[in-house]
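Peer 1: Take a look at this one; I'll ask things after.
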Amino acid sequence: MKLILVLAAMLIPLLPQAMERHLDAQLPHPGSLDSILTTAGREGVTSLTITGSMNSDDAQAIASIANLRSLTLPAMTIALSPSQLQLDSLCHITYAGPVDLVGAHSFTNCPSLETVTFGSLVGHIDGYMFFNCPKLRSVTFAGPLIDTGGELFMSGCPEVETVNVEGLWLSNGLGQNNNCPKFKGYNVTGKVIESSHPAWIAPAGDNLTDADIDMIRPHLDQIIDWMSLYCDPAKPTDFKWLTANVIRYTQNQRLLDLIDRAGLTDKTKVWEENSPYLQTLAHDLEQTKLDILKQSKPLQKGENVDFVYAPATDSILMSTRLRYNLDSVAGNGSQTERIKNLLHFVHELVRHDGSSAWPDTLLNLPAIHEVCVRDKRGVNCRIMAMMLTEALLAEGIPARYITCLPKLYDLDNDCHVITVAWDSDLDKWIWVDPTFDTWVEDSEGNLLHPGEVREALIAGRELRINPDANWNHESKQTVDNYLGYYMAKNLYILHSNTLNQSEPEGRRRSSGSKRGSYVVVLPEGTDYQGTAVTNEASFWARPVMK
């Protein structure tokens, strides 16, 4: 009897391991994984490799495997996110096939996740990918990566040690990590061609070698196909976007040589026929963001424009002021202090999330705030700038939201939207950015507006930002990155609404008021169709309240 008990005790630790098994699931068609699991049995499946094409039904089938620890996925347009699966047991995930897009927060609150591997080409990964993964140790990119968002890569991953780059990264905006105490750095055994962050090895663009071209060649079809998903080459605007990015991602002037050597003449005929355009475009894409701004021509002389500012007695503004007790928030200090207090208030009120869809609500401050609280979501920079504009107007401070655009505005969909406020104490407009809780000063400490910041960057004068400037309290901002890189790109064209009020865009305004029109200031020789051009003096004129 004792012998039986001893043997039983020895076998007990082996029972869980005995039940572990690997399953290879080859899908004959999308949506067939559930039937495969039903036939093969889900019980004890801890490792799953899927080949074939998947759909959302297959994702639900994966989520039904209670103790899945390791998952290998095939090619897919949008990466299946561990956060979507909500499998607390998942330790290892591998994307074996090409992936077109990996969204922000794809790896959020994954309690057991230890390793993530991208085994093939990745089209685009958003910033802010990894959040609160307590056991994550490493992330590996074995194949090429075309493009990234920026700039925060991971946060709250205390065990992560390294990110391995074994292939060629063409354009990278990532770099910062937060609350990752064991992180040792980016292990680049492949190559990063373009990077906005010094943590990466990013040689100058003209250092693309024959070996790099050899590394790109097997994936060039995938790169072209990936970009073709998002455009129609027959359309002029789409063609410009496609050609510009192919130049950028294969390092500009070497594109046509690369196409020829890769033997892809049929697919790229449309580019070869437009090589003069490509060469012109390549020149801009090879410059730094600041160089492009410095090479801009003087601003155009346009028509004068009257900006209208809703009075604090407006019914929506009065409601907002009372609901949030904005008199107390702004305080009784100087106008400068009141403006800064309202800036901090909006920055703390909602989270910035540049990847989020527009909230399905009237675009007034209380309605947006309610949606963010209810859905536990953030909003983009445009919405935040509208919210700050409303808070300032509610306190009787003239304000506008300004869309700051790059030179290649029709190709580059990354712009930034800030707010400007009229400081009656200083008798001037000042820059207030609620996304980053930021204002800008010159070397003497004088507060500046975007036009003055633009001039200072072109002239090479010293600029400062407030030391507590930050993104969601997770990424500290610096002058070099915020102004020298990000805003140097996005101060080429300035775009503003002429009617400044609550609910300036989106659904019709609660009160039924009219919409405003839009005006721009931009350099000579720049074509910005569909929007009236005004002159710089009119754009920054003293506000007139009506």
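Starting from 1 in every chain, residues are counted up; chains themselves are A, B, ... following the order of the structure tokens, and ligands are numbered from 1 as listed.
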What lies within 6 Å of Val99 (chain A) using only C-alpha atoms, ignoring chain neighbours under 4 positions off, as a ChimeraX atom specification?
Peer 2: /A:75-77,122
Peer 1: Just N, CA and C atoms for this one: save the residues we selected as an mmCIF file, in the first residue's frame.
Peer 2:
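Saved the output as again25.cif:
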```
data_model
loop_
_atom_site.group_PDB
_atom_site.id
_atom_site.type_symbol
_atom_site.label_atom_id
_atom_site.label_comp_id
_atom_site.auth_asym_id
_atom_site.auth_seq_id
_atom_site.Cartn_x
_atom_site.Cartn_y
_atom_site.Cartn_z
ATOM 1 N N ALA A 75 0.299 34.879 -41.848
ATOM 2 C CA ALA A 75 0.235 36.241 -42.376
ATOM 3 C C ALA A 75 -1.135 36.842 -42.087
ATOM 4 N N MET A 76 -1.157 38.143 -41.802
ATOM 5 C CA MET A 76 -2.435 38.806 -41.548
ATOM 6 C C MET A 76 -2.312 40.297 -41.810
ATOM 7 N N THR A 77 -3.434 40.912 -42.128
ATOM 8 C CA THR A 77 -3.440 42.346 -42.403
ATOM 9 C C THR A 77 -3.252 43.145 -41.118
ATOM 10 N N VAL A 122 7.058 43.338 -41.395
ATOM 11 C CA VAL A 122 6.007 44.096 -40.713
ATOM 12 C C VAL A 122 5.861 45.428 -41.441
#
```
Peer 1: Let's see if you can do this: from backbone DSSP, list all strand (DSSP E or B) residues in region 271-498 of chain A, as a ChimeraX atom specification.
Peer 2: /A:299,303,308-309,352,379,399-405,416-423,428-433,438,440-442,447,463-465,470-471,475-476,493-497
Peer 1: Could you write out the selected residues, including C-alpha atoms, as a compact mmCIF listing (two decimals), in the first residue's frame?
Peer 2:
```txt
# COMPACT_ATOMS: atom_id res chain seq x y z
CA LEU A 299 5.29 83.56 -46.32
CA GLU A 303 -6.15 88.53 -47.84
CA VAL A 308 -14.49 85.62 -34.47
CA TYR A 309 -14.35 84.52 -30.82
CA HIS A 352 -3.95 61.74 -25.43
CA VAL A 379 -8.56 61.49 -27.78
CA ALA A 399 -8.25 81.32 -28.22
CA ARG A 400 -7.89 79.30 -31.42
CA TYR A 401 -6.78 75.79 -32.27
CA ILE A 402 -4.02 75.74 -34.89
CA THR A 403 -3.30 72.79 -37.17
CA CYS A 404 0.45 72.62 -37.78
CA LEU A 405 1.25 70.86 -41.06
CA HIS A 416 -0.06 68.27 -34.83
CA VAL A 417 -2.76 70.53 -33.44
CA ILE A 418 -2.11 73.01 -30.63
CA THR A 419 -3.92 75.99 -29.10
CA VAL A 420 -2.99 79.65 -29.05
CA ALA A 421 -4.31 81.98 -26.35
CA TRP A 422 -4.37 85.78 -26.25
CA ASP A 423 -2.40 86.93 -23.22
CA LYS A 428 0.26 88.86 -27.70
CA TRP A 429 -0.66 85.30 -28.67
CA ILE A 430 1.13 82.46 -26.89
CA TRP A 431 1.62 78.78 -27.67
CA VAL A 432 -0.18 76.29 -25.36
CA ASP A 433 -0.14 72.60 -26.31
CA THR A 438 3.80 72.67 -23.16
CA VAL A 440 7.59 77.73 -25.68
CA GLU A 441 9.98 80.52 -24.66
CA ASP A 442 12.97 82.28 -26.18
CA LEU A 447 6.52 83.33 -24.29
CA LEU A 463 14.35 78.04 -27.69
CA ARG A 464 13.10 76.53 -24.45
CA ILE A 465 10.09 74.54 -23.30
CA ASN A 470 5.33 65.51 -20.95
CA TRP A 471 3.16 63.02 -22.84
CA SER A 475 7.35 60.45 -21.79
CA LYS A 476 9.28 63.60 -20.94
CA ILE A 493 1.94 75.42 -42.87
CA LEU A 494 -0.39 76.86 -40.19
CA HIS A 495 -4.15 76.30 -40.55
CA SER A 496 -6.88 77.89 -38.43
CA ASN A 497 -10.66 78.14 -38.09
```
Peer 1: Counting only C-alpha atoms, what is within 12 Å of region 532-539 of chain A, bar same-chain residues fewer than 4 positions away, as a PyMOL selection string?
Peer 2: chain A and resi 298-307+400+402+420+428-429+449-452+454-455+493-498+517-524+526-528+543-544
Peer 1: How many Å lie between CA of Glu474 (chain A) and CA of Leu343 (chain A), rounded to one decimal?
Peer 2: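 Value for the CA of Glu474 (chain A)-CA of Leu343 (chain A) distance: 17.8 Å.
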Peer 1: Can you measure CA of Thr320 (chain A) to CA of Ala367 (chain A) for me? One decimal in Å is fine.
Peer 2: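 A separation of 9.9 Å between them.
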Peer 1: Applying 10 Å and only C-alpha atoms, which residues near Tyr486 (chain A) remain after dropping the ones on its own chain fewer than 2 positions away? List them as a list in words.
Peer 2: Ser196, Lys289, Leu290, Pro406, Asp414, Cys415, His416, Val479, Asp480, Asn481, Tyr482, Leu483, Gly484, Ala488, Lys489, Asn490 and Leu491 of chain A
Peer 1: Please produce a file of those selected residues containing N, CA and C atoms, as a PDB file, in the first residue's frame.
Peer 2:
```pdb
ATOM      1  N   SER A 196      14.439  58.594 -35.596  1.00  0.00           N
ATOM      2  CA  SER A 196      14.330  59.901 -34.944  1.00  0.00           C
ATOM      3  C   SER A 196      14.820  59.848 -33.507  1.00  0.00           C
ATOM      4  N   LYS A 289      14.169  67.424 -40.987  1.00  0.00           N
ATOM      5  CA  LYS A 289      12.944  68.204 -40.834  1.00  0.00           C
ATOM      6  C   LYS A 289      13.257  69.691 -40.668  1.00  0.00           C
ATOM      7  N   LEU A 290      14.301  69.990 -39.923  1.00  0.00           N
ATOM      8  CA  LEU A 290      14.667  71.380 -39.696  1.00  0.00           C
ATOM      9  C   LEU A 290      15.225  72.015 -40.964  1.00  0.00           C
ATOM     10  N   PRO A 406       3.086  69.669 -42.164  1.00  0.00           N
ATOM     11  CA  PRO A 406       4.385  69.576 -42.823  1.00  0.00           C
ATOM     12  C   PRO A 406       4.325  70.051 -44.269  1.00  0.00           C
ATOM     13  N   ASP A 414       0.830  62.753 -40.646  1.00  0.00           N
ATOM     14  CA  ASP A 414       1.128  63.108 -39.265  1.00  0.00           C
ATOM     15  C   ASP A 414       1.294  64.621 -39.160  1.00  0.00           C
ATOM     16  N   CYS A 415       0.342  65.273 -38.542  1.00  0.00           N
ATOM     17  CA  CYS A 415       0.451  66.693 -38.241  1.00  0.00           C
ATOM     18  C   CYS A 415       0.244  66.841 -36.736  1.00  0.00           C
ATOM     19  N   HIS A 416       0.208  68.066 -36.258  1.00  0.00           N
ATOM     20  CA  HIS A 416      -0.055  68.268 -34.834  1.00  0.00           C
ATOM     21  C   HIS A 416      -0.943  69.490 -34.672  1.00  0.00           C
ATOM     22  N   VAL A 479      13.584  69.774 -25.901  1.00  0.00           N
ATOM     23  CA  VAL A 479      13.600  70.781 -26.955  1.00  0.00           C
ATOM     24  C   VAL A 479      13.998  70.156 -28.281  1.00  0.00           C
ATOM     25  N   ASP A 480      15.032  69.305 -28.259  1.00  0.00           N
ATOM     26  CA  ASP A 480      15.527  68.722 -29.504  1.00  0.00           C
ATOM     27  C   ASP A 480      14.461  67.890 -30.204  1.00  0.00           C
ATOM     28  N   ASN A 481      13.751  67.065 -29.452  1.00  0.00           N
ATOM     29  CA  ASN A 481      12.774  66.190 -30.094  1.00  0.00           C
ATOM     30  C   ASN A 481      11.466  66.927 -30.383  1.00  0.00           C
ATOM     31  N   TYR A 482      10.971  67.677 -29.412  1.00  0.00           N
ATOM     32  CA  TYR A 482       9.672  68.333 -29.568  1.00  0.00           C
ATOM     33  C   TYR A 482       9.728  69.459 -30.599  1.00  0.00           C
ATOM     34  N   LEU A 483      10.745  70.316 -30.513  1.00  0.00           N
ATOM     35  CA  LEU A 483      10.843  71.444 -31.437  1.00  0.00           C
ATOM     36  C   LEU A 483      11.762  71.144 -32.622  1.00  0.00           C
ATOM     37  N   GLY A 484      12.961  70.635 -32.333  1.00  0.00           N
ATOM     38  CA  GLY A 484      13.947  70.439 -33.395  1.00  0.00           C
ATOM     39  C   GLY A 484      13.575  69.373 -34.403  1.00  0.00           C
ATOM     40  N   ALA A 488       9.487  71.133 -35.935  1.00  0.00           N
ATOM     41  CA  ALA A 488      10.177  71.675 -37.108  1.00  0.00           C
ATOM     42  C   ALA A 488       9.543  71.126 -38.378  1.00  0.00           C
ATOM     43  N   LYS A 489       9.125  69.884 -38.341  1.00  0.00           N
ATOM     44  CA  LYS A 489       8.421  69.289 -39.478  1.00  0.00           C
ATOM     45  C   LYS A 489       7.031  69.903 -39.633  1.00  0.00           C
ATOM     46  N   ASN A 490       6.365  70.163 -38.520  1.00  0.00           N
ATOM     47  CA  ASN A 490       4.951  70.513 -38.556  1.00  0.00           C
ATOM     48  C   ASN A 490       4.659  72.006 -38.436  1.00  0.00           C
ATOM     49  N   LEU A 491       5.650  72.846 -38.673  1.00  0.00           N
ATOM     50  CA  LEU A 491       5.403  74.294 -38.663  1.00  0.00           C
ATOM     51  C   LEU A 491       5.549  74.903 -40.052  1.00  0.00           C
TER      52      LEU A 491
END
```
Peer 1: Determine which residues of region 261-423 of chain A DSSP labels as alpha helix (DSSP H) from the backbone of this structure, then write them out as a ChimeraX atom specification.
Peer 2: /A:261-262,269-272,275-285,289-294,315-323,326-330,335-349,365-375,381-394
Peer 1: Write the residues you've just listed into a file as a compact mmCIF listing (two decimals), in the first residue's frame, and include C-alpha atoms for each of them.
Peer 2:
```
# COMPACT_ATOMS: atom_id res chain seq x y z
CA ARG A 261 18.51 45.27 -59.74
CA ALA A 262 15.57 43.57 -58.07
CA LYS A 269 6.73 50.93 -64.59
CA VAL A 270 4.57 53.81 -63.37
CA TRP A 271 7.42 55.04 -61.15
CA GLU A 272 10.07 54.74 -63.86
CA SER A 275 11.43 59.58 -62.53
CA PRO A 276 11.85 63.41 -62.84
CA TYR A 277 9.09 63.84 -60.26
CA LEU A 278 10.68 61.20 -58.07
CA GLN A 279 14.06 62.90 -58.15
CA THR A 280 12.52 66.22 -57.06
CA LEU A 281 10.60 64.51 -54.32
CA ALA A 282 13.66 62.58 -53.21
CA HIS A 283 15.53 65.82 -52.50
CA ASP A 284 13.01 66.88 -49.85
CA LEU A 285 12.80 63.43 -48.34
CA LYS A 289 12.94 68.20 -40.83
CA LEU A 290 14.67 71.38 -39.70
CA ASP A 291 16.54 71.79 -43.00
CA ILE A 292 13.26 71.67 -44.92
CA LEU A 293 11.83 74.41 -42.71
CA LYS A 294 15.00 76.53 -43.03
CA SER A 315 -24.76 79.32 -23.42
CA ILE A 316 -22.48 76.30 -23.97
CA LEU A 317 -19.42 78.14 -22.66
CA MET A 318 -21.34 79.27 -19.58
CA SER A 319 -22.41 75.68 -18.92
CA THR A 320 -18.84 74.43 -19.29
CA ARG A 321 -17.48 77.15 -16.99
CA LEU A 322 -19.98 76.32 -14.24
CA ARG A 323 -19.71 72.54 -14.58
CA LEU A 326 -13.27 77.10 -14.34
CA ASP A 327 -13.13 80.39 -12.46
CA SER A 328 -11.45 78.51 -9.63
CA VAL A 329 -9.29 76.43 -12.01
CA ALA A 330 -7.97 79.53 -13.79
CA GLN A 335 -3.47 86.32 -17.43
CA THR A 336 -0.38 84.23 -18.14
CA GLU A 337 -0.93 82.21 -14.96
CA ARG A 338 -4.62 81.74 -15.75
CA ILE A 339 -3.83 80.45 -19.25
CA LYS A 340 -1.24 78.00 -17.92
CA ASN A 341 -3.64 76.75 -15.25
CA LEU A 342 -6.28 75.98 -17.89
CA LEU A 343 -3.61 74.27 -20.02
CA HIS A 344 -2.71 71.97 -17.10
CA PHE A 345 -6.41 71.32 -16.44
CA VAL A 346 -7.14 69.99 -19.94
CA HIS A 347 -3.89 68.03 -20.06
CA GLU A 348 -4.90 66.22 -16.87
CA LEU A 349 -8.60 65.87 -17.78
CA LEU A 365 -15.65 69.74 -23.59
CA PRO A 366 -18.14 68.07 -21.20
CA ALA A 367 -19.46 65.64 -23.83
CA ILE A 368 -15.95 64.60 -24.88
CA HIS A 369 -14.89 64.18 -21.25
CA GLU A 370 -17.93 61.99 -20.53
CA VAL A 371 -17.12 59.67 -23.45
CA CYS A 372 -13.50 59.36 -22.32
CA VAL A 373 -14.53 58.44 -18.76
CA ARG A 374 -17.28 56.06 -19.88
CA ASP A 375 -15.21 54.23 -22.52
CA CYS A 381 -4.39 66.17 -30.38
CA ARG A 382 -7.07 67.98 -32.41
CA ILE A 383 -9.78 67.13 -29.93
CA MET A 384 -7.57 68.14 -26.99
CA ALA A 385 -6.79 71.49 -28.64
CA MET A 386 -10.53 72.10 -29.19
CA MET A 387 -11.17 71.33 -25.51
CA LEU A 388 -8.53 73.79 -24.34
CA THR A 389 -9.84 76.42 -26.76
CA GLU A 390 -13.31 75.99 -25.23
CA ALA A 391 -11.99 76.24 -21.65
CA LEU A 392 -10.13 79.46 -22.48
CA LEU A 393 -13.10 81.01 -24.29
CA ALA A 394 -15.32 80.09 -21.33
```
Peer 1: When you draw a straight line from CA of Gly123 (chain A) to CA of Pro30 (chain A), how long is it in Å?
Peer 2: 22.0 Å
Peer 1: List the spatial neighbours of Val116 (chain A) as a ChimeraX atom specification - criterion: any atom at most 9 Å away, only C-alpha atoms, same-chain residues fewer than 5 positions off excluded.
Peer 2: /A:91-95,136-141
Peer 1: Taking only C-alpha atoms into account, which of A:Pro181, A:Pro434, A:Gly41, A:Gly378 comes nearest Ala469 (chain A)?
Peer 2: A:Pro434
Peer 1: At a cut-off of 9 Å, using only C-alpha atoms, what residues contact Ile78 (chain A)? Leave out same-chain residues fewer than 5 positions from it and give the result as an mmCIF file with N, CA, C and O atoms, in the first residue's frame.
Peer 2:
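Final output, saved to around-v7.cif:
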```cif
data_model
loop_
_atom_site.group_PDB
_atom_site.id
_atom_site.type_symbol
_atom_site.label_atom_id
_atom_site.label_comp_id
_atom_site.auth_asym_id
_atom_site.auth_seq_id
_atom_site.Cartn_x
_atom_site.Cartn_y
_atom_site.Cartn_z
ATOM 1 N N VAL A 99 2.944 40.848 -41.571
ATOM 2 C CA VAL A 99 1.861 41.555 -40.882
ATOM 3 C C VAL A 99 1.839 42.986 -41.414
ATOM 4 O O VAL A 99 2.869 43.666 -41.404
ATOM 5 N N ASP A 100 0.678 43.444 -41.874
ATOM 6 C CA ASP A 100 0.593 44.796 -42.427
ATOM 7 C C ASP A 100 0.582 45.866 -41.344
ATOM 8 O O ASP A 100 1.214 46.904 -41.484
ATOM 9 N N LEU A 101 -0.150 45.624 -40.262
ATOM 10 C CA LEU A 101 -0.331 46.667 -39.246
ATOM 11 C C LEU A 101 -0.409 46.057 -37.860
ATOM 12 O O LEU A 101 -1.133 45.077 -37.645
ATOM 13 N N VAL A 102 0.348 46.638 -36.919
ATOM 14 C CA VAL A 102 0.253 46.274 -35.507
ATOM 15 C C VAL A 102 -0.202 47.524 -34.765
ATOM 16 O O VAL A 102 0.514 48.524 -34.723
ATOM 17 N N GLY A 103 -1.401 47.486 -34.213
ATOM 18 C CA GLY A 103 -1.995 48.673 -33.626
ATOM 19 C C GLY A 103 -1.445 49.025 -32.258
ATOM 20 O O GLY A 103 -0.818 48.202 -31.573
#
```
Peer 1: Given only C-alpha atoms as the basis, pick out the residue of A:Asn55, A:Ser356, A:Thr39, A:Thr148 nearest to Leu170 (chain A).
Peer 2: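 The answer is A:Thr148, which sits nearest to Leu170 (chain A).
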Peer 1: Extract, using only C-alpha atoms, all DNA, RNA and protein residues at most 7 Å from region 189-191 of chain A, discarding same-chain residues fewer than 2 positions from it, and format them as an MDAnalysis selection string.
Peer 2: chainID A and resid 165:169 187 193
Peer 1: Next, dump the selected residues to file, keeping only N, CA, C and O atoms, as a short mmCIF file (atom, residue, chain, number, x, y, z; two decimals), in the first residue's frame.
Peer 2:
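That gives us again_1.cif:
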```
data_model
loop_
_atom_site.label_atom_id
_atom_site.label_comp_id
_atom_site.auth_asym_id
_atom_site.auth_seq_id
_atom_site.Cartn_x
_atom_site.Cartn_y
_atom_site.Cartn_z
N VAL A 165 16.62 43.51 -33.14
CA VAL A 165 16.35 43.85 -34.53
C VAL A 165 17.34 43.07 -35.40
O VAL A 165 18.52 43.40 -35.47
N GLU A 166 16.84 42.02 -36.04
CA GLU A 166 17.70 41.15 -36.83
C GLU A 166 17.62 41.44 -38.32
O GLU A 166 18.45 40.96 -39.10
N GLY A 167 16.61 42.22 -38.73
CA GLY A 167 16.45 42.56 -40.14
C GLY A 167 16.70 44.04 -40.38
O GLY A 167 17.35 44.71 -39.59
N LEU A 168 16.17 44.52 -41.47
CA LEU A 168 16.36 45.92 -41.86
C LEU A 168 15.13 46.73 -41.48
O LEU A 168 14.02 46.42 -41.88
N TRP A 169 15.34 47.76 -40.65
CA TRP A 169 14.26 48.70 -40.33
C TRP A 169 14.47 49.94 -41.20
O TRP A 169 15.53 50.57 -41.16
N ASN A 187 19.10 45.81 -29.38
CA ASN A 187 20.16 44.98 -29.92
C ASN A 187 19.98 44.89 -31.43
O ASN A 187 19.20 44.08 -31.94
N ILE A 193 17.82 52.17 -40.92
CA ILE A 193 18.23 53.17 -41.91
C ILE A 193 17.91 54.58 -41.43
O ILE A 193 18.72 55.48 -41.50
#
```
Peer 1: Kindly indicate which residue among A:Arg69, A:Lys407, A:His197, A:His473 lies nearest to Asn179 (chain A), using only C-alpha atoms for the distances.
Peer 2: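 Nearest to Asn179 (chain A): A:His473.
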Peer 1: Using only C-alpha atoms, which of the listed residues (A:Val192, A:Ala541, A:Leu363, A:Val45) sits closest to Pro144 (chain A)?
Peer 2: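 The closest residue to Pro144 (chain A) is A:Val192.
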